[in-house]
Amino acid sequence: MLATSDRRVGRAAYGITFPVFGKIEVNGDGRHPIYDELVTAEDANGDSGDIQWNFEKFLIAPGGEVVGRFRPNTTPDDPAVVSAIEAVLPR
């Protein structure tokens, strides 16, 4: 978990009500194991590899497989993101 002061800032500034965990490495030798898997996913251009910036997004299907990767410049409401989410929603 994050330090108490960090949790307070998140709640006060952003209204966060969900659990917030501490920072982890997403690139480099200390990369967290979950990112070892995530960075193998390809984006729309067929590129995989290191996380480019904070707002990189991954879509995980209900079965746990990575089915989409969206680079930082892709907004969460981009039609490609929305259609990818809709495609994996249980029917």
# chains A, B, ... in the order shown; residues from 1 in each chain; ligands from 1
call {"tool": "select_by_dssp", "arguments": {"residues": "chain A", "states": "strand (DSSP E)", "output": "list in words"}}
result
Lys57, Phe58, Leu59, Ile60, Val66, Val67, Gly68, Arg69 and Phe70 of chain A
call {"tool": "write_last_selection", "arguments": {"atoms": "C-alpha atoms", "output": "short mmCIF file (atom, residue, chain, number, x, y, z; two decimals), in the first residue's frame"}}
result
data_model
loop_
_atom_site.label_atom_id
_atom_site.label_comp_id
_atom_site.auth_asym_id
_atom_site.auth_seq_id
_atom_site.Cartn_x
_atom_site.Cartn_y
_atom_site.Cartn_z
CA LYS A 57 -3.51 0.99 -21.11
CA PHE A 58 -3.98 -2.78 -21.29
CA LEU A 59 -7.26 -4.60 -21.80
CA ILE A 60 -7.51 -7.90 -19.95
CA VAL A 66 -4.22 -9.56 -22.63
CA VAL A 67 -6.40 -8.65 -25.61
CA GLY A 68 -5.51 -5.02 -26.16
CA ARG A 69 -2.75 -2.50 -25.63
CA PHE A 70 -3.26 1.20 -26.07
#
call {"tool": "atom_distance", "arguments": {"atom1": "CA of Tyr35 in chain A", "atom2": "CA of Ile51 in chain A"}}
result
8.6 Å
call {"tool": "closest_atom_pairs", "arguments": {"of": "range 32-67 of chain A", "to": "range 19-26 of chain A", "cutoff": "10 Å", "atoms": "only C-alpha atoms", "output": "CSV"}}
result
residue,atom,partner,partner_atom,distance
A:His32,CA,A:Glu25,CA,5.6
A:Pro33,CA,A:Val26,CA,8.8
A:Ile34,CA,A:Val26,CA,8.6
A:Tyr35,CA,A:Val26,CA,5.8
A:Asp36,CA,A:Val26,CA,8.1
A:Leu38,CA,A:Val26,CA,9.5
A:Val39,CA,A:Val26,CA,8.8
A:Asp50,CA,A:Val26,CA,7.7
A:Ile51,CA,A:Val26,CA,6.7
A:Gln52,CA,A:Val26,CA,9.7
A:Trp53,CA,A:Val26,CA,9.7
A:Asn54,CA,A:Val26,CA,9.6
call {"tool": "select_by_dssp", "arguments": {"residues": "range 1-90 of chain A", "states": "helix (DSSP H, G or I)", "output": "list in words"}}
result
Thr4, Ser5, Asp6, Arg7, Arg8, Val9, Gly10, Arg11, Ala12, Ala13, Tyr14, Pro33, Ile34, Tyr35, Asp36, Glu37, Leu38, Pro79, Ala80, Val81, Val82, Ser83, Ala84, Ile85, Glu86, Ala87 and Val88 of chain A
call {"tool": "residues_around", "arguments": {"residues": "range 84-88 of chain A", "least_positions_apart": "3", "cutoff": "7 Å", "atoms": "only C-alpha atoms", "output": "VMD selection string"}}
result
chain A and resid 61 80 to 81
call {"tool": "write_last_selection", "arguments": {"atoms": "N, CA and C atoms", "output": "PDB file, in the first residue's frame"}}
result
ATOM      1  N   ALA A  61      -9.063  -9.573 -20.806  1.00  0.00           N
ATOM      2  CA  ALA A  61     -10.356 -10.227 -20.977  1.00  0.00           C
ATOM      3  C   ALA A  61     -10.740 -10.969 -19.693  1.00  0.00           C
ATOM      4  N   ALA A  80     -11.517   2.881 -30.602  1.00  0.00           N
ATOM      5  CA  ALA A  80     -10.791   1.604 -30.617  1.00  0.00           C
ATOM      6  C   ALA A  80     -10.811   0.945 -29.242  1.00  0.00           C
ATOM      7  N   VAL A  81     -10.696   1.745 -28.189  1.00  0.00           N
ATOM      8  CA  VAL A  81     -10.746   1.211 -26.827  1.00  0.00           C
ATOM      9  C   VAL A  81     -12.151   0.713 -26.518  1.00  0.00           C
TER      10      VAL A  81
END
call {"tool": "atom_distance", "arguments": {"atom1": "CA of Glu65 in chain A", "atom2": "CA of Asp77 in chain A"}}
result
21.4 Å
call {"tool": "atom_distance", "arguments": {"atom1": "CA of Glu42 in chain A", "atom2": "CA of Pro62 in chain A"}}
result
18.6 Å
